[in-house]
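Next comes entry_28.cif, with mmCIF, C-alpha atoms (C1' of nucleotides).
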data_start
loop_
_atom_site.label_atom_id
_atom_site.label_comp_id
_atom_site.auth_asym_id
_atom_site.auth_seq_id
_atom_site.Cartn_x
_atom_site.Cartn_y
_atom_site.Cartn_z
CA MET A 302 -11.24 2.16 19.40
CA ILE A 303 -10.86 3.66 15.97
CA GLU A 304 -13.65 6.00 14.92
CA VAL A 305 -14.48 6.05 11.22
CA ARG A 306 -15.87 9.25 9.79
CA ASP A 307 -19.06 8.90 7.77
CA LEU A 308 -17.91 10.87 4.75
CA HIS A 309 -19.43 8.82 1.94
CA ASP A 310 -21.23 5.66 0.93
CA TRP A 311 -19.35 2.99 -0.97
CA PRO A 312 -20.02 3.59 -4.66
CA THR A 313 -21.02 1.18 -7.38
CA THR A 314 -19.78 3.01 -10.44
CA GLU A 315 -16.39 4.37 -11.39
CA ALA A 316 -17.79 7.86 -11.90
CA GLU A 317 -19.11 7.95 -8.34
CA ALA A 318 -15.80 6.67 -7.02
CA VAL A 319 -13.83 9.36 -8.83
CA ALA A 320 -16.20 12.04 -7.53
CA ILE A 321 -15.64 10.84 -3.97
CA GLN A 322 -11.87 10.98 -4.40
CA GLU A 323 -12.04 14.53 -5.70
CA ARG A 324 -14.33 15.59 -2.87
CA LEU A 325 -12.16 14.05 -0.13
CA ARG A 326 -8.81 15.09 -1.61
CA PRO A 327 -8.80 18.54 0.10
CA LEU A 328 -9.14 16.86 3.51
CA VAL A 329 -5.66 15.34 3.28
CA ARG A 330 -3.13 16.93 5.62
CA THR A 331 0.36 16.69 4.18
CA ASP A 332 2.20 17.92 7.26
CA GLY A 333 2.85 16.59 10.71
CA GLU A 334 4.39 13.60 12.34
CA PRO A 335 3.37 11.88 15.57
CA ALA A 336 5.40 13.07 18.55
CA GLU A 337 6.49 9.50 19.05
CA VAL A 338 5.77 6.49 16.84
CA ARG A 339 5.61 3.55 19.18
CA THR A 340 3.17 1.40 17.22
CA ALA A 341 2.58 1.05 13.49
CA ALA A 342 -0.19 -0.87 11.75
CA GLY A 343 0.38 -2.97 8.64
CA LEU A 344 -2.59 -3.50 6.31
CA ASP A 345 -2.91 -6.08 3.57
CA VAL A 346 -5.58 -7.88 1.57
CA ASP A 347 -5.48 -11.41 0.15
CA TYR A 348 -7.59 -12.84 -2.69
CA ARG A 349 -6.88 -16.52 -2.38
CA GLU A 350 -10.51 -17.71 -2.63
CA SER A 351 -11.68 -15.97 -5.79
CA ALA A 352 -11.60 -12.59 -7.45
CA ASP A 353 -14.34 -11.11 -5.26
CA GLU A 354 -13.71 -12.91 -1.97
CA LEU A 355 -11.04 -11.24 0.08
CA VAL A 356 -9.36 -11.40 3.46
CA ALA A 357 -8.30 -8.15 5.10
CA ALA A 358 -5.54 -8.44 7.68
CA VAL A 359 -4.18 -5.79 10.02
CA THR A 360 -1.27 -6.18 12.42
CA VAL A 361 -0.09 -3.62 14.95
CA LEU A 362 3.63 -3.73 15.65
CA ASP A 363 5.68 -2.31 18.44
CA VAL A 364 8.17 -0.50 16.23
CA ALA A 365 11.08 -0.84 18.65
CA THR A 366 10.84 -4.62 18.94
CA ALA A 367 8.96 -5.46 15.72
CA SER A 368 6.63 -7.65 17.76
CA VAL A 369 2.92 -7.92 16.97
CA VAL A 370 0.88 -6.41 19.81
CA ASP A 371 -2.55 -6.60 18.19
CA SER A 372 -4.18 -7.90 15.04
CA ALA A 373 -7.49 -8.41 13.25
CA VAL A 374 -8.68 -10.43 10.28
CA VAL A 375 -11.90 -9.91 8.35
CA ARG A 376 -13.37 -11.87 5.47
CA GLY A 377 -15.44 -10.03 2.92
CA ARG A 378 -16.67 -9.71 -0.64
CA THR A 379 -16.27 -7.03 -3.27
CA ASP A 380 -18.18 -6.32 -6.40
CA PHE A 381 -16.00 -3.36 -7.22
CA PRO A 382 -13.51 -4.43 -9.91
CA TYR A 383 -9.79 -3.80 -9.80
CA VAL A 384 -9.26 -0.50 -11.53
CA PRO A 385 -5.88 1.22 -11.17
CA GLY A 386 -6.59 4.48 -9.41
CA LEU A 387 -9.74 3.15 -7.72
CA PHE A 388 -8.00 0.58 -5.64
CA ALA A 389 -9.42 1.81 -2.32
CA PHE A 390 -12.98 1.05 -3.33
CA ARG A 391 -12.02 -2.59 -3.57
CA GLU A 392 -9.93 -2.99 -0.44
CA ALA A 393 -10.79 -0.19 1.97
CA PRO A 394 -14.24 -1.39 3.15
CA ALA A 395 -12.85 -4.66 4.52
CA LEU A 396 -9.71 -2.99 5.85
CA ILE A 397 -11.82 -0.49 7.76
CA ARG A 398 -13.85 -3.26 9.34
CA ALA A 399 -10.61 -4.90 10.42
CA LEU A 400 -9.30 -1.62 11.83
CA GLN A 401 -12.46 -1.25 13.90
CA GLU A 402 -11.79 -4.59 15.57
CA LEU A 403 -8.43 -3.47 16.92
CA ALA A 404 -8.07 -2.90 20.64
CA VAL A 405 -4.90 -0.88 20.17
CA VAL A 406 -5.09 2.38 18.20
CA PRO A 407 -1.84 2.53 16.20
CA ASP A 408 0.20 5.72 15.85
CA VAL A 409 0.33 5.33 12.06
CA LEU A 410 -1.18 3.23 9.28
CA VAL A 411 1.39 1.79 6.88
CA CYS A 412 -0.64 1.04 3.78
CA ASP A 413 0.20 -1.37 0.98
CA GLY A 414 -0.14 0.99 -1.97
CA GLN A 415 0.09 4.68 -2.81
CA GLY A 416 -0.90 7.81 -0.94
CA LEU A 417 -0.47 11.08 -2.83
CA ALA A 418 1.47 9.28 -5.58
CA HIS A 419 -1.82 8.71 -7.34
CA PRO A 420 -3.45 10.12 -10.51
CA ARG A 421 -5.88 12.22 -8.43
CA ARG A 422 -3.54 12.51 -5.43
CA PHE A 423 -5.82 10.33 -3.34
CA GLY A 424 -4.58 6.77 -3.13
CA LEU A 425 -5.49 4.11 -0.58
CA ALA A 426 -3.26 5.59 2.14
CA CYS A 427 -4.95 9.00 1.84
CA HIS A 428 -8.37 7.41 1.81
CA LEU A 429 -7.80 5.33 4.94
CA GLY A 430 -6.07 8.24 6.65
CA VAL A 431 -8.88 10.68 5.98
CA LEU A 432 -11.65 8.26 6.98
CA THR A 433 -9.98 7.38 10.29
CA ASP A 434 -8.20 10.73 10.73
CA LEU A 435 -5.13 8.71 11.76
CA PRO A 436 -1.64 9.44 10.48
CA ALA A 437 -1.04 7.28 7.40
CA ILE A 438 1.62 6.63 4.79
CA GLY A 439 1.66 4.64 1.56
CA VAL A 440 4.39 2.14 0.69
CA GLY A 441 3.92 0.68 -2.78
CA LYS A 442 5.83 -2.05 -4.55
CA THR A 443 5.12 -0.63 -8.00
CA PRO A 444 5.06 3.08 -8.93
CA MET A 445 2.31 4.89 -10.77
CA SER A 446 4.61 7.81 -11.44
CA HIS A 447 7.91 8.45 -13.16
CA TYR A 448 11.20 8.26 -11.28
CA ASP A 449 14.92 8.06 -11.91
CA PRO A 450 16.51 5.07 -10.19
CA PRO A 451 18.07 6.07 -6.85
CA GLY A 452 21.61 5.10 -5.82
CA GLU A 453 22.24 1.49 -4.92
CA LYS A 454 22.68 2.03 -1.18
CA ARG A 455 20.00 1.54 1.45
CA GLY A 456 18.58 4.97 2.24
CA ASP A 457 19.21 6.41 -1.24
CA TRP A 458 16.15 7.99 -2.85
CA THR A 459 14.87 10.00 -5.79
CA PRO A 460 11.65 12.00 -6.15
CA LEU A 461 8.51 10.53 -7.68
CA ASP A 462 7.28 12.88 -10.36
CA MET A 463 3.70 13.04 -11.56
CA ASP A 464 2.64 15.88 -13.85
CA GLY A 465 5.50 17.99 -12.51
CA ASP A 466 4.54 17.42 -8.87
CA GLU A 467 6.77 15.71 -6.34
CA VAL A 468 4.29 13.17 -5.06
CA GLY A 469 6.60 10.87 -3.12
CA ARG A 470 9.94 9.09 -3.18
CA ALA A 471 11.51 5.99 -4.62
CA LEU A 472 13.36 4.77 -1.53
CA ARG A 473 16.01 2.06 -1.50
CA THR A 474 15.38 0.02 1.64
CA ARG A 475 17.97 -2.67 0.86
CA THR A 476 21.25 -2.18 -0.95
CA GLY A 477 21.06 -3.44 -4.51
CA VAL A 478 17.35 -4.24 -4.33
CA LYS A 479 14.47 -2.55 -6.17
CA PRO A 480 13.22 0.49 -4.22
CA VAL A 481 9.81 0.92 -2.61
CA PHE A 482 7.56 3.88 -3.39
CA VAL A 483 6.71 6.04 -0.39
CA SER A 484 4.13 8.79 -0.33
CA ILE A 485 2.14 10.80 2.18
CA GLY A 486 -1.19 9.40 3.28
CA HIS A 487 -2.44 11.82 5.93
CA ARG A 488 -0.97 13.89 8.77
CA TYR A 489 2.55 12.63 8.10
CA ALA A 490 5.22 14.54 6.19
CA LEU A 491 7.32 12.84 3.53
CA GLN A 492 10.73 12.93 5.22
CA PRO A 493 9.44 11.40 8.49
CA ALA A 494 7.56 8.84 6.42
CA CYS A 495 10.79 7.73 4.75
CA ASP A 496 12.55 7.65 8.13
CA LEU A 497 9.82 5.38 9.45
CA VAL A 498 10.00 3.07 6.44
CA LEU A 499 13.74 2.68 6.99
CA ARG A 500 13.12 1.84 10.65
CA LEU A 501 10.65 -0.82 9.54
CA THR A 502 13.02 -2.39 6.99
CA PRO A 503 16.05 -3.62 8.95
CA ASN A 504 16.14 -6.93 7.07
CA TYR A 505 13.84 -6.92 4.06
CA ARG A 506 12.72 -4.72 1.19
CA LEU A 507 9.16 -4.35 2.51
CA PRO A 508 8.24 -2.98 5.96
CA GLU A 509 7.80 -5.49 8.77
CA THR A 510 4.25 -4.20 9.14
CA THR A 511 3.37 -5.23 5.61
CA ARG A 512 5.08 -8.59 6.02
CA THR A 513 3.28 -9.55 9.22
CA ALA A 514 -0.09 -8.45 7.84
CA ASP A 515 0.54 -10.40 4.66
CA ARG A 516 1.42 -13.55 6.59
CA LEU A 517 -1.61 -13.20 8.85
CA GLY A 518 -4.00 -12.90 5.91
CA ARG A 519 -2.33 -15.77 4.11
CA GLN A 520 -2.57 -18.06 7.14
CA SER A 521 -6.24 -17.42 7.84
CA THR A 522 -7.83 -19.25 4.97
"C1'" DG B 897 -6.16 5.35 -31.62
"C1'" DC B 898 -3.22 2.36 -28.46
"C1'" DG B 899 -0.80 0.95 -24.55
"C1'" DA B 900 0.02 1.50 -19.72
"C1'" DC B 901 -2.05 1.18 -15.25
"C1'" DA B 902 -1.25 0.64 -6.89
"C1'" DG B 903 -3.17 -4.72 -5.46
"C1'" DA C 468 -3.42 -10.20 -6.61
"C1'" DT C 469 -2.24 -15.10 -8.56
"C1'" DC C 470 -0.21 -18.77 -11.81
"C1'" DT C 471 4.98 -21.00 -11.86
"C1'" DT C 472 11.18 -23.34 -12.59
"C1'" DG C 473 15.27 -22.64 -11.88
"C1'" DT C 474 18.94 -20.01 -9.98
"C1'" DC C 475 21.88 -17.15 -7.20
"C1'" DG C 476 23.46 -15.78 -2.60
"C1'" DC C 477 23.74 -15.47 2.41
#
Here is the file; what I need is its structure written in the form of structure tokens.
Amino acid sequence: MIEVRDLHDWPTTEAEAVAIQERLRPLVRTDGEPAEVRTAAGLDVDYRESADELVAAVTVLDVATASVVDSAVVRGRTDFPYVPGLFAFREAPALIRALQELAVVPDVLVCDGQGLAHPRRFGLACHLGVLTDLPAIGVGKTPMSHYDPPGEKRGDWTPLDMDGDEVGRALRTRTGVKPVFVSIGHRYALQPACDLVLRLTPNYRLPETTRTADRLGRQST
DNA sequence: GCGACAG
DNA sequence: ATCTTGTCGC
């Protein structure tokens, strides 16, 4: 089962949350790549009930076949508001509970949001990666950083720039479709992360992991 | 000062 | 995230 490191309590105020991000930021490992990625977890949160009632869904896919080999759903509440840059403090607690219910430990967490492509270089993917010490990457639908549009072909990419740092890539997963925004979460280098995202997007813009997790959360009212 | 700002 | 009509394309 997945062990979660006890690195902090969940904060109430924005100032506490920012302090936690700055304290944990040095723990991120920006290198590495699993020897073999056989399974990948997709994580997603739904808010269908109300603004503070959420459903966290995790699916583990066999990457080769795109079949779901394990999953978990957790219902929860949040009092932490949606604040861009403090996203993890809203979604991570429930996602972590869902991760702890998995029987299969995935080779990588594919998170719905940013990793290093974050104002303090510590987005949701970094946070979940550091707390579980599992390899993790972030795949966002909307960027927080500047980028020049990549070429129109699947596989084309341009760097994501934030304050002069290359914090990730705008990656075209489908020809002629808006790119996704890939960044390092933990223990997974950027090039392998983009390779994995392309493996997970044979048919759609978003990774199969994200899609199955999204459907699971949506179905479990 | 004002707008923009992952989901 | 969610609220929503029509439209284009495979």
(request) Report the distance between atom CA of A:Thr474 and atom CA of A:Tyr383 in Å, rounded to one decimal place. (result) 27.9 Å
(request) With the file shown as input, list the residues that the PyMOL selection byres ((chain C) within 12 of (chain A)) selects, as a count of residues only. (result) 3
(message) If the PyMOL selection byres ((chain B) within 8 of (chain A)) were run on this exact file, what residues would it hold? Put them as number ranges by chain.
(response) B: 901-903
(message) Can you tell me which residues surround A:Val405 at a distance of at most 10 Å, considering all atoms listed in the file, apart from same-chain residues fewer than 2 positions away, and format the answer as an MDAnalysis selection string?
(response) chainID A and resid 302:303 340 342 361 370:372 400:403 407:408
(message) Give me the residues near A:Asp515 as number ranges by chain, where near means some atom within 10 Å (using all atoms listed in the file) and where sequence neighbours in that chain fewer than 4 positions away do not count.
(response) A: 343-347, 357-360, 413, 509-511, 519-520
Please write the residues from the selection above to a file, keeping C-alpha atoms, as a compact mmCIF listing (two decimals), in the coordinates of the input.
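The resulting out27.txt:
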# COMPACT_ATOMS: atom_id res chain seq x y z
CA GLY A 343 0.38 -2.97 8.64
CA LEU A 344 -2.59 -3.50 6.31
CA ASP A 345 -2.91 -6.08 3.57
CA VAL A 346 -5.58 -7.88 1.57
CA ASP A 347 -5.48 -11.41 0.15
CA ALA A 357 -8.30 -8.15 5.10
CA ALA A 358 -5.54 -8.44 7.68
CA VAL A 359 -4.18 -5.79 10.02
CA THR A 360 -1.27 -6.18 12.42
CA ASP A 413 0.20 -1.37 0.98
CA GLU A 509 7.80 -5.49 8.77
CA THR A 510 4.25 -4.20 9.14
CA THR A 511 3.37 -5.23 5.61
CA ARG A 519 -2.33 -15.77 4.11
CA GLN A 520 -2.57 -18.06 7.14
Which residues would end up in the selection if the PyMOL selection byres ((chain A and resi 327-333) around 6) were applied here, given that I need the answer as a PDB file with C-alpha atoms, keeping the file's coordinate frame?
ATOM      1  CA  LEU A 325     -12.160  14.050  -0.130  1.00  0.00           C
ATOM      2  CA  ARG A 326      -8.810  15.090  -1.610  1.00  0.00           C
ATOM      3  CA  GLU A 334       4.390  13.600  12.340  1.00  0.00           C
ATOM      4  CA  HIS A 487      -2.440  11.820   5.930  1.00  0.00           C
ATOM      5  CA  ARG A 488      -0.970  13.890   8.770  1.00  0.00           C
ATOM      6  CA  TYR A 489       2.550  12.630   8.100  1.00  0.00           C
ATOM      7  CA  ALA A 490       5.220  14.540   6.190  1.00  0.00           C
TER       8      ALA A 490
END
(message) If we count all atoms listed in the file and set the cut-off at 8 Å, which residues sit around A:Thr379, ignoring sequence neighbours fewer than 5 positions away in its own chain? Please answer as a PyMOL selection string.
(response) chain A and resi 353-355+391
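Atom CA of A:Pro312 is found 11.6 Å from atom CA of A:Pro382.
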Kindly provide, as AutoDock Vina command-line options, the centre and edge lengths (Å, one decimal) of an axis-aligned box around all atoms of chain C given in the file, with 6 Å on each side.
--center_x 10.2 --center_y -16.8 --center_z -5.1 --size_x 39.2 --size_y 25.1 --size_z 27.0
(message) For a test of reading the model, state the distance in Å between atom CA of A:Gly456 and atom CA of A:Thr476, rounded to one decimal.
(response) 8.3 Å
